[in-house]
$ cat query_38.txt   # compact mmCIF, C-alpha atoms and all ligand atoms
# COMPACT_ATOMS: atom_id res chain seq x y z
CA MET A 552 36.03 9.32 -43.34
CA ILE A 553 32.55 8.18 -44.42
CA PRO A 554 29.93 10.78 -43.45
CA PHE A 555 26.43 9.73 -42.40
CA LEU A 556 25.01 12.07 -45.02
CA ASP A 557 26.73 13.99 -47.84
CA LEU A 558 24.58 16.83 -49.12
CA LYS A 559 27.48 18.47 -50.93
CA ALA A 560 28.00 15.38 -53.07
CA GLN A 561 24.39 15.61 -54.23
CA TYR A 562 24.53 19.36 -54.86
CA ASN A 563 27.65 18.91 -56.97
CA THR A 564 25.78 16.60 -59.35
CA ILE A 565 23.02 19.17 -60.05
CA ARG A 566 24.72 22.45 -59.21
CA ALA A 567 24.06 24.25 -62.51
CA GLU A 568 20.35 23.41 -62.59
CA VAL A 569 19.79 24.32 -58.95
CA ASN A 570 21.64 27.60 -59.35
CA LEU A 571 19.57 28.43 -62.42
CA ALA A 572 16.32 27.66 -60.59
CA ILE A 573 17.35 29.89 -57.69
CA GLN A 574 18.34 32.69 -60.07
CA GLY A 575 14.88 32.43 -61.65
CA VAL A 576 13.19 33.06 -58.31
CA LEU A 577 15.54 35.94 -57.54
CA ASP A 578 14.61 37.46 -60.89
CA SER A 579 10.86 36.95 -60.41
CA CYS A 580 10.91 37.94 -56.72
CA GLN A 581 8.15 35.38 -56.03
CA PHE A 582 9.62 34.58 -52.66
CA THR A 583 6.60 33.08 -50.95
CA LEU A 584 4.18 30.70 -52.72
CA GLY A 585 4.07 31.83 -56.38
CA SER A 586 4.32 29.99 -59.68
CA GLU A 587 7.24 27.69 -58.79
CA VAL A 588 5.46 26.48 -55.65
CA GLU A 589 2.23 25.96 -57.62
CA ALA A 590 4.04 23.95 -60.28
CA PHE A 591 5.82 21.89 -57.64
CA GLU A 592 2.54 21.19 -55.85
CA GLN A 593 1.06 19.79 -59.04
CA GLU A 594 4.16 17.81 -59.97
CA PHE A 595 4.69 16.30 -56.53
CA ALA A 596 0.99 15.45 -56.04
CA ALA A 597 1.00 13.73 -59.45
CA TYR A 598 4.17 11.85 -58.46
CA CYS A 599 2.34 10.58 -55.37
CA GLY A 600 -0.76 9.64 -57.35
CA ALA A 601 -2.82 12.28 -55.54
CA SER A 602 -5.00 15.01 -57.07
CA HIS A 603 -3.88 17.98 -54.99
CA GLY A 604 -0.78 19.21 -53.15
CA VAL A 605 -0.53 22.05 -50.65
CA GLY A 606 3.02 23.30 -50.07
CA VAL A 607 3.93 24.43 -46.58
CA ASN A 608 7.00 25.54 -44.66
CA THR A 609 7.86 22.23 -42.90
CA GLY A 610 6.79 18.61 -42.62
CA THR A 611 5.66 19.36 -39.09
CA SER A 612 3.28 22.03 -40.41
CA ALA A 613 2.01 19.55 -43.00
CA LEU A 614 1.03 17.17 -40.20
CA HIS A 615 -0.37 19.95 -38.03
CA LEU A 616 -2.56 21.35 -40.82
CA ALA A 617 -3.66 17.93 -42.08
CA LEU A 618 -4.92 17.15 -38.57
CA LEU A 619 -6.71 20.52 -38.34
CA ALA A 620 -8.25 20.09 -41.79
CA ALA A 621 -9.53 16.67 -40.67
CA GLY A 622 -11.27 18.43 -37.80
CA VAL A 623 -8.98 17.14 -35.04
CA GLY A 624 -8.99 19.27 -31.91
CA PRO A 625 -9.21 19.27 -28.10
CA GLY A 626 -10.99 16.23 -26.67
CA ASP A 627 -10.10 14.06 -29.68
CA GLU A 628 -7.68 11.16 -29.70
CA VAL A 629 -5.29 10.38 -32.55
CA ILE A 630 -3.69 6.95 -32.73
CA THR A 631 -0.04 6.75 -33.75
CA VAL A 632 3.19 4.93 -32.90
CA PRO A 633 5.70 5.79 -30.16
CA PHE A 634 8.65 4.86 -32.42
CA THR A 635 8.91 7.88 -34.72
CA PHE A 636 10.46 11.32 -34.92
CA VAL A 637 8.99 13.56 -32.23
CA ALA A 638 7.28 15.82 -34.79
CA THR A 639 4.57 13.21 -35.45
CA VAL A 640 3.42 13.44 -31.85
CA ALA A 641 4.08 17.17 -31.42
CA ALA A 642 1.77 17.91 -34.37
CA ILE A 643 -1.05 16.00 -32.69
CA ARG A 644 -0.49 17.93 -29.49
CA TYR A 645 -0.47 21.31 -31.27
CA THR A 646 -4.12 20.69 -32.17
CA GLY A 647 -5.02 20.07 -28.51
CA ALA A 648 -5.81 16.41 -29.23
CA THR A 649 -4.32 13.51 -27.27
CA PRO A 650 -1.91 11.07 -28.91
CA VAL A 651 -2.73 7.43 -28.19
CA PHE A 652 0.06 4.99 -28.96
CA VAL A 653 0.03 1.48 -30.34
CA ASP A 654 3.17 -0.60 -30.63
CA ILE A 655 5.12 -1.23 -33.83
CA ASP A 656 5.55 -4.44 -35.74
CA PRO A 657 9.20 -5.32 -34.96
CA HIS A 658 9.95 -6.40 -38.54
CA SER A 659 8.86 -3.30 -40.44
CA PHE A 660 9.15 -0.78 -37.54
CA THR A 661 5.68 0.49 -38.51
CA LEU A 662 2.27 0.53 -36.84
CA ASP A 663 1.11 -3.00 -35.96
CA PRO A 664 -2.46 -3.30 -37.33
CA ALA A 665 -3.13 -6.17 -34.92
CA ALA A 666 -2.75 -3.73 -32.00
CA LEU A 667 -4.84 -0.98 -33.57
CA GLU A 668 -8.47 -1.83 -32.87
CA ALA A 669 -7.96 -2.19 -29.11
CA ALA A 670 -6.76 1.43 -28.96
CA ILE A 671 -9.92 2.89 -30.52
CA THR A 672 -12.31 4.70 -28.17
CA PRO A 673 -15.39 6.89 -28.77
CA ARG A 674 -12.99 9.88 -28.79
CA THR A 675 -10.76 8.54 -31.56
CA LYS A 676 -10.83 10.81 -34.60
CA ALA A 677 -7.86 9.82 -36.70
CA ILE A 678 -5.10 7.26 -37.26
CA LEU A 679 -1.62 8.52 -38.10
CA PRO A 680 0.62 5.70 -39.37
CA VAL A 681 4.28 6.55 -40.02
CA HIS A 682 6.16 5.09 -42.99
CA LEU A 683 9.29 4.95 -40.89
CA TYR A 684 12.73 4.73 -42.51
CA GLY A 685 11.02 4.75 -45.93
CA HIS A 686 9.15 1.48 -45.35
CA PRO A 687 5.37 1.75 -45.87
CA ALA A 688 3.09 0.79 -43.01
CA ASP A 689 0.66 -2.09 -43.65
CA MET A 690 -2.09 0.19 -44.95
CA ASP A 691 -4.84 -2.24 -46.03
CA PRO A 692 -5.78 -3.46 -42.54
CA ILE A 693 -5.28 0.06 -41.15
CA LEU A 694 -7.65 1.52 -43.76
CA ALA A 695 -10.19 -1.27 -43.22
CA ILE A 696 -10.29 -0.62 -39.48
CA ALA A 697 -10.50 3.14 -40.08
CA ARG A 698 -13.45 2.77 -42.48
CA ARG A 699 -15.24 0.47 -40.03
CA HIS A 700 -14.97 3.09 -37.28
CA GLY A 701 -15.36 6.22 -39.42
CA LEU A 702 -11.84 7.48 -38.75
CA VAL A 703 -9.63 9.71 -40.88
CA VAL A 704 -6.25 8.28 -41.94
CA ILE A 705 -3.33 10.71 -42.18
CA GLU A 706 -0.03 9.29 -43.41
CA ASP A 707 3.27 10.56 -42.03
CA ALA A 708 5.30 10.03 -45.20
CA ALA A 709 8.09 12.43 -44.19
CA GLN A 710 10.69 9.68 -44.69
CA ALA A 711 9.03 7.86 -47.56
CA HIS A 712 8.87 9.88 -50.82
CA GLY A 713 8.20 7.36 -53.57
CA ALA A 714 7.74 4.36 -51.27
CA GLU A 715 5.04 2.00 -52.50
CA TYR A 716 2.49 -0.20 -50.79
CA LYS A 717 1.23 -2.95 -53.10
CA GLY A 718 2.26 -0.86 -56.10
CA ARG A 719 0.74 2.43 -54.95
CA ARG A 720 2.79 5.37 -53.76
CA VAL A 721 2.45 6.40 -50.14
CA GLY A 722 0.74 9.69 -49.37
CA SER A 723 -2.20 8.80 -51.60
CA LEU A 724 -3.32 5.74 -49.63
CA GLY A 725 -5.03 7.47 -46.71
CA ASP A 726 -7.17 10.62 -46.69
CA LEU A 727 -4.22 12.99 -46.36
CA GLY A 728 -0.49 12.36 -46.83
CA CYS A 729 2.22 14.51 -45.23
CA PHE A 730 5.76 15.00 -46.52
CA SER A 731 8.86 16.81 -45.31
CA PHE A 732 11.49 18.35 -47.56
CA TYR A 733 14.01 18.91 -44.78
CA PRO A 734 17.46 18.84 -46.46
CA GLY A 735 18.35 15.36 -45.21
CA LYS A 736 15.13 13.72 -46.41
CA ASN A 737 15.05 11.68 -49.65
CA LEU A 738 13.73 14.77 -51.43
CA GLY A 739 15.28 17.73 -49.64
CA ALA A 740 14.98 21.49 -50.09
CA CYS A 741 17.75 24.07 -49.70
CA GLY A 742 16.13 24.87 -46.38
CA GLU A 743 12.80 23.75 -44.93
CA GLY A 744 9.66 22.58 -46.70
CA GLY A 745 6.67 20.28 -46.49
CA MET A 746 3.51 19.27 -48.33
CA VAL A 747 0.11 17.71 -47.76
CA VAL A 748 -1.26 15.68 -50.66
CA THR A 749 -4.89 14.59 -50.89
CA ASP A 750 -7.64 13.65 -53.32
CA HIS A 751 -10.27 15.70 -51.49
CA PRO A 752 -10.95 19.24 -52.82
CA HIS A 753 -12.58 20.10 -49.50
CA TYR A 754 -9.42 19.35 -47.49
CA THR A 755 -7.34 21.14 -50.12
CA LYS A 756 -9.33 24.34 -49.76
CA THR A 757 -9.08 24.28 -45.96
CA LEU A 758 -5.34 23.53 -46.08
CA ARG A 759 -4.70 26.42 -48.47
CA MET A 760 -6.53 28.75 -46.12
CA LEU A 761 -4.87 27.44 -42.95
CA ARG A 762 -1.32 27.83 -44.30
CA ASP A 763 -1.96 31.46 -45.23
CA TRP A 764 -3.72 33.08 -42.29
CA GLY A 765 -7.10 31.40 -42.73
CA ALA A 766 -8.25 33.84 -45.36
CA GLU A 767 -10.88 32.93 -47.93
CA ARG A 768 -9.58 35.89 -49.93
CA LYS A 769 -7.25 38.64 -48.87
CA TYR A 770 -8.15 39.98 -45.39
CA HIS A 771 -11.33 37.86 -45.18
CA HIS A 772 -10.07 35.64 -42.37
CA THR A 773 -12.65 32.96 -41.68
CA LEU A 774 -10.35 30.45 -39.91
CA LEU A 775 -7.62 30.86 -37.32
CA GLY A 776 -4.77 30.41 -39.77
CA TYR A 777 -1.00 30.31 -39.67
CA ASN A 778 1.97 31.60 -41.60
CA PHE A 779 3.03 28.20 -42.94
CA ARG A 780 3.56 29.09 -46.60
CA MET A 781 6.19 27.36 -48.73
CA GLU A 782 8.97 29.62 -50.01
CA GLY A 783 9.36 30.21 -53.74
CA LEU A 784 13.06 29.30 -53.63
CA GLN A 785 12.24 25.90 -52.13
CA GLY A 786 9.54 25.21 -54.70
CA ALA A 787 11.95 25.98 -57.53
CA VAL A 788 14.77 23.83 -56.09
CA LEU A 789 12.42 20.96 -55.29
CA ARG A 790 11.09 20.96 -58.88
CA VAL A 791 14.64 20.37 -60.11
CA LYS A 792 15.32 17.66 -57.56
CA LEU A 793 12.01 15.85 -58.11
CA ARG A 794 13.25 15.00 -61.62
CA TYR A 795 16.09 13.00 -60.04
CA LEU A 796 14.12 11.40 -57.22
CA GLU A 797 13.45 8.07 -58.94
CA ASP A 798 17.12 7.65 -59.89
CA TRP A 799 18.17 8.55 -56.37
CA THR A 800 15.63 6.13 -54.90
CA GLU A 801 16.88 3.31 -57.12
CA ALA A 802 20.44 4.12 -56.01
CA ARG A 803 19.34 3.88 -52.36
CA ARG A 804 17.62 0.57 -53.03
CA ASP A 805 20.69 -0.78 -54.84
CA ALA A 806 22.83 0.33 -51.91
CA ALA A 807 20.55 -1.56 -49.50
CA VAL A 808 20.68 -4.71 -51.64
CA HIS A 809 24.47 -4.44 -51.70
CA TYR A 810 24.68 -3.93 -47.92
CA ASN A 811 22.37 -6.94 -47.40
CA GLN A 812 24.58 -9.10 -49.63
CA LEU A 813 27.76 -8.00 -47.90
CA PHE A 814 26.25 -8.70 -44.47
CA GLN A 815 24.87 -12.09 -45.46
CA GLY A 816 25.96 -14.83 -43.07
CA SER A 817 27.71 -12.35 -40.76
CA GLY A 818 25.10 -12.44 -38.02
CA VAL A 819 24.38 -8.71 -38.42
CA GLN A 820 20.64 -8.09 -38.25
CA THR A 821 19.83 -6.17 -41.43
CA PRO A 822 16.57 -4.32 -42.22
CA GLU A 823 13.61 -6.28 -43.52
CA ALA A 824 11.25 -5.24 -46.30
CA MET A 825 7.78 -6.74 -46.37
CA PRO A 826 6.82 -8.46 -49.66
CA TRP A 827 4.32 -5.71 -50.48
CA ALA A 828 6.74 -2.86 -49.85
CA ARG A 829 8.88 -0.71 -52.09
CA HIS A 830 11.22 0.43 -49.34
CA VAL A 831 13.00 3.70 -50.19
CA TYR A 832 15.67 3.41 -47.48
CA HIS A 833 15.68 6.88 -46.02
CA ILE A 834 17.39 5.01 -43.19
CA TYR A 835 19.26 1.70 -43.30
CA ALA A 836 19.20 0.51 -39.70
CA VAL A 837 20.89 -2.62 -38.41
CA ARG A 838 20.14 -3.92 -34.92
CA SER A 839 22.51 -4.81 -32.13
CA PRO A 840 21.94 -5.36 -28.42
CA ASP A 841 25.49 -3.99 -28.12
CA ARG A 842 24.84 -0.77 -30.00
CA ALA A 843 26.94 1.63 -27.94
CA ARG A 844 30.09 -0.36 -28.59
CA TRP A 845 29.25 -0.68 -32.28
CA GLN A 846 28.71 3.03 -32.68
CA ALA A 847 31.90 3.97 -30.82
CA SER A 848 33.97 1.48 -32.78
CA LEU A 849 32.61 2.61 -36.15
CA GLU A 850 33.18 6.24 -35.20
CA ALA A 851 36.80 5.41 -34.25
CA GLN A 852 37.20 3.89 -37.73
CA GLY A 853 35.91 7.09 -39.37
CA ILE A 854 32.38 5.87 -40.08
CA GLN A 855 29.56 8.13 -38.98
CA THR A 856 26.32 6.50 -37.87
CA GLY A 857 23.03 7.72 -36.42
CA ILE A 858 20.31 6.51 -34.08
CA HIS A 859 16.71 6.88 -35.23
CA TYR A 860 15.56 7.10 -32.51
CA PRO A 861 17.19 6.53 -29.11
CA PHE A 862 13.98 7.10 -27.10
CA PRO A 863 10.41 6.08 -27.86
CA ILE A 864 8.19 9.14 -27.60
CA HIS A 865 6.18 7.84 -24.63
CA LEU A 866 9.33 7.82 -22.49
CA LEU A 867 10.47 11.36 -23.39
CA PRO A 868 10.14 14.02 -20.66
CA ALA A 869 8.20 16.31 -23.04
CA HIS A 870 5.41 13.73 -23.22
CA ALA A 871 5.54 12.29 -19.70
CA ASP A 872 2.17 13.92 -18.97
CA LEU A 873 0.52 11.39 -21.29
CA GLY A 874 1.05 8.93 -18.43
CA TYR A 875 2.78 6.05 -20.20
CA THR A 876 5.49 4.08 -18.42
CA ALA A 877 8.34 1.80 -19.49
CA GLY A 878 7.12 -1.58 -20.65
CA ALA A 879 3.99 -0.19 -22.35
CA PHE A 880 5.32 -0.77 -25.88
CA PRO A 881 8.01 -3.49 -25.79
CA HIS A 882 8.78 -3.56 -29.51
CA ALA A 883 9.23 0.21 -29.73
CA GLU A 884 11.32 0.24 -26.57
CA ARG A 885 13.58 -2.56 -27.75
CA ALA A 886 14.03 -1.00 -31.19
CA ALA A 887 15.03 2.29 -29.54
CA LEU A 888 17.79 0.45 -27.66
CA GLU A 889 19.10 -1.56 -30.61
CA VAL A 890 18.83 0.31 -33.92
CA LEU A 891 21.89 1.81 -35.53
CA SER A 892 21.64 3.70 -38.83
CA LEU A 893 24.47 3.21 -41.31
CA PRO A 894 25.32 5.74 -44.03
CA ILE A 895 22.97 5.45 -47.01
CA TYR A 896 22.49 8.00 -49.78
CA PRO A 897 22.51 7.88 -53.58
CA GLU A 898 26.12 9.09 -53.84
CA LEU A 899 27.51 6.49 -51.38
CA THR A 900 29.95 4.37 -53.40
CA ALA A 901 30.27 0.58 -53.43
CA ALA A 902 33.77 0.96 -51.97
CA GLN A 903 32.37 3.01 -49.10
CA ARG A 904 29.72 0.35 -48.41
CA GLU A 905 32.39 -2.33 -48.40
CA ALA A 906 34.40 -0.28 -45.90
CA VAL A 907 31.34 0.11 -43.63
CA VAL A 908 30.62 -3.61 -43.69
CA ALA A 909 34.28 -4.53 -43.17
CA ALA A 910 34.29 -2.36 -40.06
CA ALA A 911 30.93 -3.59 -38.74
CA VAL A 912 31.15 -7.36 -39.22
CA PRO A 913 33.98 -7.97 -36.71
CA LEU A 914 31.81 -6.24 -34.07
CA THR A 915 29.45 -9.23 -34.04
CA VAL A 916 32.20 -11.02 -32.09
CA ALA A 917 31.86 -9.71 -28.55
C1 LIG A 1001 11.30 14.86 -40.60
C2 LIG A 1001 10.06 14.27 -40.03
C3 LIG A 1001 8.95 15.06 -39.68
C4 LIG A 1001 8.99 16.56 -39.62
O1 LIG A 1001 9.38 17.17 -40.79
P1 LIG A 1001 10.09 18.63 -40.70
O2 LIG A 1001 10.14 19.05 -42.13
O3 LIG A 1001 11.44 18.43 -40.11
O4 LIG A 1001 9.23 19.51 -39.87
C5 LIG A 1001 7.81 14.41 -39.27
N1 LIG A 1001 7.75 13.07 -39.18
C6 LIG A 1001 8.79 12.29 -39.49
C7 LIG A 1001 8.65 10.80 -39.38
C8 LIG A 1001 9.99 12.85 -39.90
O5 LIG A 1001 11.04 12.07 -40.19
$ encode --input "query_38.txt" --output "structure tokens"
Amino acid sequence: MIPFLDLKAQYNTIRAEVNLAIQGVLDSCQFTLGSEVEAFEQEFAAYCGASHGVGVNTGTSALHLALLAAGVGPGDEVITVPFTFVATVAAIRYTGATPVFVDIDPHSFTLDPAALEAAITPRTKAILPVHLYGHPADMDPILAIARRHGLVVIEDAAQAHGAEYKGRRVGSLGDLGCFSFYPGKNLGACGEGGMVVTDHPHYTKTLRMLRDWGAERKYHHTLLGYNFRMEGLQGAVLRVKLRYLEDWTEARRDAAVHYNQLFQGSGVQTPEAMPWARHVYHIYAVRSPDRARWQASLEAQGIQTGIHYPFPIHLLPAHADLGYTAGAFPHAERAALEVLSLPIYPELTAAQREAVVAAAVPLTVA
């Protein structure tokens, strides 16, 4: 059996350190925010090449608060992609703003800058590119268009810790960068977590207030805030794991290179990385027009796979009221029908990768 994800394998490699970090929080009783969260904010922001980090309870909250801090609200439009995890779009809707979709580039699965300008209207306030699967979006043209129109750029980097665009880490490329520390992400908490990183002190101050009931100081509530604080236990665990992130990322990248080599000449459509990208392979997705058969056959051979994601957001019932219909975003729609995620994580062995490829290659013959 080859699981899609193996969190126990990772925990076993760092068990003593994680346990010690957790014991430290139990001893200090700093259960919400506190010194471990503060230290993690500084360390993770520095890792991203950003000046400030604001720890929150989930990646979804990071997106929600980044949008609010940027002044997004009812009547505004935010441009994003329909091929993403639903949280990207839900966060826009929580603010009362309207998501406006542009199609993806079919090679990188990220926002197609060539489709961006046509989606801008006088109501557009922000652009929210998603670094899907750990591959950075093509940020230079996105940022150039944003500057020309006076728009805020918020990165959804929930799948892309440590990914680089032209040598710079994602999260620090736009005005605000949002991360998730959901356990299955490349940097995962022992529970939920998220962070917004930014260079702007003004956003930082607003974000710190919004995550903790909108108070300037205790009981002086000047904004409608939320209870979105990061837990002390998560901050402590994430500090330990951050020290391993680069090694884990290199292991993911090596695994992807190995998969690509094993698949070479087989006819299996493997993921592409643009020349300017340091892809961090949160997901390694192959494509097949015959995906259902592939998935069933791999499952029967003991290989777990995933689909990220089977429906583009504009065709989900929850967002039908936005008024989009099938055919609106052909690349997103086709990707949703064809992508199949194979197991990829730092602890996945070469023998396991060989077994996955040995099971998948014969499927190319119908
Ligand atoms: C995981 C994820 C989120 C949401 O993060 P949570 O921590 O689960 O709330 C947002 N966007 C993308 C692209 C994600 O993969």
$ residues_around --input "query_38.txt" --residues "Val629 in chain A" --least-positions-apart "4" --cutoff "8 Å" --atoms "only C-alpha atoms" --output "list in words"
Ile643, Ala648, Thr649, Pro650, Val651, Thr675, Lys676, Ala677, Ile678 and Leu679 of chain A
$ write_last_selection --input "query_38.txt" --atoms "C-alpha atoms" --output "compact mmCIF listing (two decimals), keeping the file's coordinate frame"
# COMPACT_ATOMS: atom_id res chain seq x y z
CA ILE A 643 -1.05 16.00 -32.69
CA ALA A 648 -5.81 16.41 -29.23
CA THR A 649 -4.32 13.51 -27.27
CA PRO A 650 -1.91 11.07 -28.91
CA VAL A 651 -2.73 7.43 -28.19
CA THR A 675 -10.76 8.54 -31.56
CA LYS A 676 -10.83 10.81 -34.60
CA ALA A 677 -7.86 9.82 -36.70
CA ILE A 678 -5.10 7.26 -37.26
CA LEU A 679 -1.62 8.52 -38.10
$ residues_near_ligand --input "query_38.txt" --ligand "ligand LIG 1001 (chain A)" --cutoff "10 Å" --atoms "all atoms listed in the file" --output "count of residues only"
48
$ residues_around --input "query_38.txt" --residues "Ile693 in chain A" --least-positions-apart "4" --cutoff "8 Å" --atoms "all atoms listed in the file" --output "list in words"
Pro664, Leu667, Asp689 and Ala697 of chain A
$ residues_near_point --input "query_38.txt" --point "(8.7, 3.4, -32.7)" --cutoff "10 Å" --atoms "all atoms listed in the file" --output "PDB file with C-alpha atoms, keeping the file's coordinate frame"
ATOM      1  CA  THR A 631      -0.040   6.750 -33.750  1.00  0.00           C
ATOM      2  CA  VAL A 632       3.190   4.930 -32.900  1.00  0.00           C
ATOM      3  CA  PRO A 633       5.700   5.790 -30.160  1.00  0.00           C
ATOM      4  CA  PHE A 634       8.650   4.860 -32.420  1.00  0.00           C
ATOM      5  CA  THR A 635       8.910   7.880 -34.720  1.00  0.00           C
ATOM      6  CA  PHE A 636      10.460  11.320 -34.920  1.00  0.00           C
ATOM      7  CA  PHE A 652       0.060   4.990 -28.960  1.00  0.00           C
ATOM      8  CA  VAL A 653       0.030   1.480 -30.340  1.00  0.00           C
ATOM      9  CA  ASP A 654       3.170  -0.600 -30.630  1.00  0.00           C
ATOM     10  CA  ILE A 655       5.120  -1.230 -33.830  1.00  0.00           C
ATOM     11  CA  ASP A 656       5.550  -4.440 -35.740  1.00  0.00           C
ATOM     12  CA  PRO A 657       9.200  -5.320 -34.960  1.00  0.00           C
ATOM     13  CA  PHE A 660       9.150  -0.780 -37.540  1.00  0.00           C
ATOM     14  CA  THR A 661       5.680   0.490 -38.510  1.00  0.00           C
ATOM     15  CA  LEU A 662       2.270   0.530 -36.840  1.00  0.00           C
ATOM     16  CA  VAL A 681       4.280   6.550 -40.020  1.00  0.00           C
ATOM     17  CA  LEU A 683       9.290   4.950 -40.890  1.00  0.00           C
ATOM     18  CA  HIS A 859      16.710   6.880 -35.230  1.00  0.00           C
ATOM     19  CA  TYR A 860      15.560   7.100 -32.510  1.00  0.00           C
ATOM     20  CA  PRO A 861      17.190   6.530 -29.110  1.00  0.00           C
ATOM     21  CA  PHE A 862      13.980   7.100 -27.100  1.00  0.00           C
ATOM     22  CA  PRO A 863      10.410   6.080 -27.860  1.00  0.00           C
ATOM     23  CA  ILE A 864       8.190   9.140 -27.600  1.00  0.00           C
ATOM     24  CA  HIS A 865       6.180   7.840 -24.630  1.00  0.00           C
ATOM     25  CA  PHE A 880       5.320  -0.770 -25.880  1.00  0.00           C
ATOM     26  CA  PRO A 881       8.010  -3.490 -25.790  1.00  0.00           C
ATOM     27  CA  HIS A 882       8.780  -3.560 -29.510  1.00  0.00           C
ATOM     28  CA  ALA A 883       9.230   0.210 -29.730  1.00  0.00           C
ATOM     29  CA  GLU A 884      11.320   0.240 -26.570  1.00  0.00           C
ATOM     30  CA  ARG A 885      13.580  -2.560 -27.750  1.00  0.00           C
ATOM     31  CA  ALA A 886      14.030  -1.000 -31.190  1.00  0.00           C
ATOM     32  CA  ALA A 887      15.030   2.290 -29.540  1.00  0.00           C
TER      33      ALA A 887
END
$ residues_near_point --input "query_38.txt" --point "(19.8, 15.1, -60.9)" --cutoff "12 Å" --atoms "only C-alpha atoms" --output "number ranges by chain"
A: 560-569, 738, 788-800, 897-898
$ build_atoms --input "query_38.txt" --residues "range 883-888 of chain A" --atoms "all heavy atoms" --output "PDB file, in the coordinates of the input"
ATOM      1  N   ALA A 883       8.684  -1.138 -29.524  1.00  0.00           N
ATOM      2  CA  ALA A 883       9.230   0.210 -29.730  1.00  0.00           C
ATOM      3  C   ALA A 883      10.420   0.434 -28.786  1.00  0.00           C
ATOM      4  O   ALA A 883      11.451   0.991 -29.186  1.00  0.00           O
ATOM      5  CB  ALA A 883       8.161   1.262 -29.489  1.00  0.00           C
ATOM      6  N   GLU A 884      10.266   0.001 -27.556  1.00  0.00           N
ATOM      7  CA  GLU A 884      11.320   0.240 -26.570  1.00  0.00           C
ATOM      8  C   GLU A 884      12.590  -0.528 -26.927  1.00  0.00           C
ATOM      9  O   GLU A 884      13.703  -0.020 -26.810  1.00  0.00           O
ATOM     10  CB  GLU A 884      10.814  -0.134 -25.169  1.00  0.00           C
ATOM     11  CG  GLU A 884       9.746   0.861 -24.700  1.00  0.00           C
ATOM     12  CD  GLU A 884       8.974   0.421 -23.455  1.00  0.00           C
ATOM     13  OE1 GLU A 884       9.542  -0.311 -22.620  1.00  0.00           O
ATOM     14  OE2 GLU A 884       7.803   0.817 -23.336  1.00  0.00           O
ATOM     15  N   ARG A 885      12.419  -1.755 -27.391  1.00  0.00           N
ATOM     16  CA  ARG A 885      13.580  -2.560 -27.750  1.00  0.00           C
ATOM     17  C   ARG A 885      14.253  -1.995 -29.002  1.00  0.00           C
ATOM     18  O   ARG A 885      15.488  -1.895 -29.081  1.00  0.00           O
ATOM     19  CB  ARG A 885      13.149  -4.013 -27.968  1.00  0.00           C
ATOM     20  CG  ARG A 885      14.324  -4.909 -28.078  1.00  0.00           C
ATOM     21  CD  ARG A 885      14.074  -6.365 -27.792  1.00  0.00           C
ATOM     22  NE  ARG A 885      15.152  -7.070 -28.473  1.00  0.00           N
ATOM     23  CZ  ARG A 885      14.985  -8.129 -29.252  1.00  0.00           C
ATOM     24  NH1 ARG A 885      13.788  -8.655 -29.413  1.00  0.00           N
ATOM     25  NH2 ARG A 885      16.019  -8.677 -29.843  1.00  0.00           N
ATOM     26  N   ALA A 886      13.457  -1.591 -29.967  1.00  0.00           N
ATOM     27  CA  ALA A 886      14.030  -1.000 -31.190  1.00  0.00           C
ATOM     28  C   ALA A 886      14.850   0.234 -30.821  1.00  0.00           C
ATOM     29  O   ALA A 886      15.961   0.426 -31.329  1.00  0.00           O
ATOM     30  CB  ALA A 886      12.921  -0.632 -32.169  1.00  0.00           C
ATOM     31  N   ALA A 887      14.328   1.061 -29.925  1.00  0.00           N
ATOM     32  CA  ALA A 887      15.030   2.290 -29.540  1.00  0.00           C
ATOM     33  C   ALA A 887      16.398   1.981 -28.918  1.00  0.00           C
ATOM     34  O   ALA A 887      17.329   2.776 -29.037  1.00  0.00           O
ATOM     35  CB  ALA A 887      14.176   3.109 -28.580  1.00  0.00           C
ATOM     36  N   LEU A 888      16.514   0.833 -28.282  1.00  0.00           N
ATOM     37  CA  LEU A 888      17.790   0.450 -27.660  1.00  0.00           C
ATOM     38  C   LEU A 888      18.765  -0.163 -28.655  1.00  0.00           C
ATOM     39  O   LEU A 888      19.965  -0.168 -28.422  1.00  0.00           O
ATOM     40  CB  LEU A 888      17.543  -0.566 -26.530  1.00  0.00           C
ATOM     41  CG  LEU A 888      16.851  -0.053 -25.277  1.00  0.00           C
ATOM     42  CD1 LEU A 888      16.516  -1.223 -24.346  1.00  0.00           C
ATOM     43  CD2 LEU A 888      17.742   0.957 -24.556  1.00  0.00           C
TER      44      LEU A 888
END
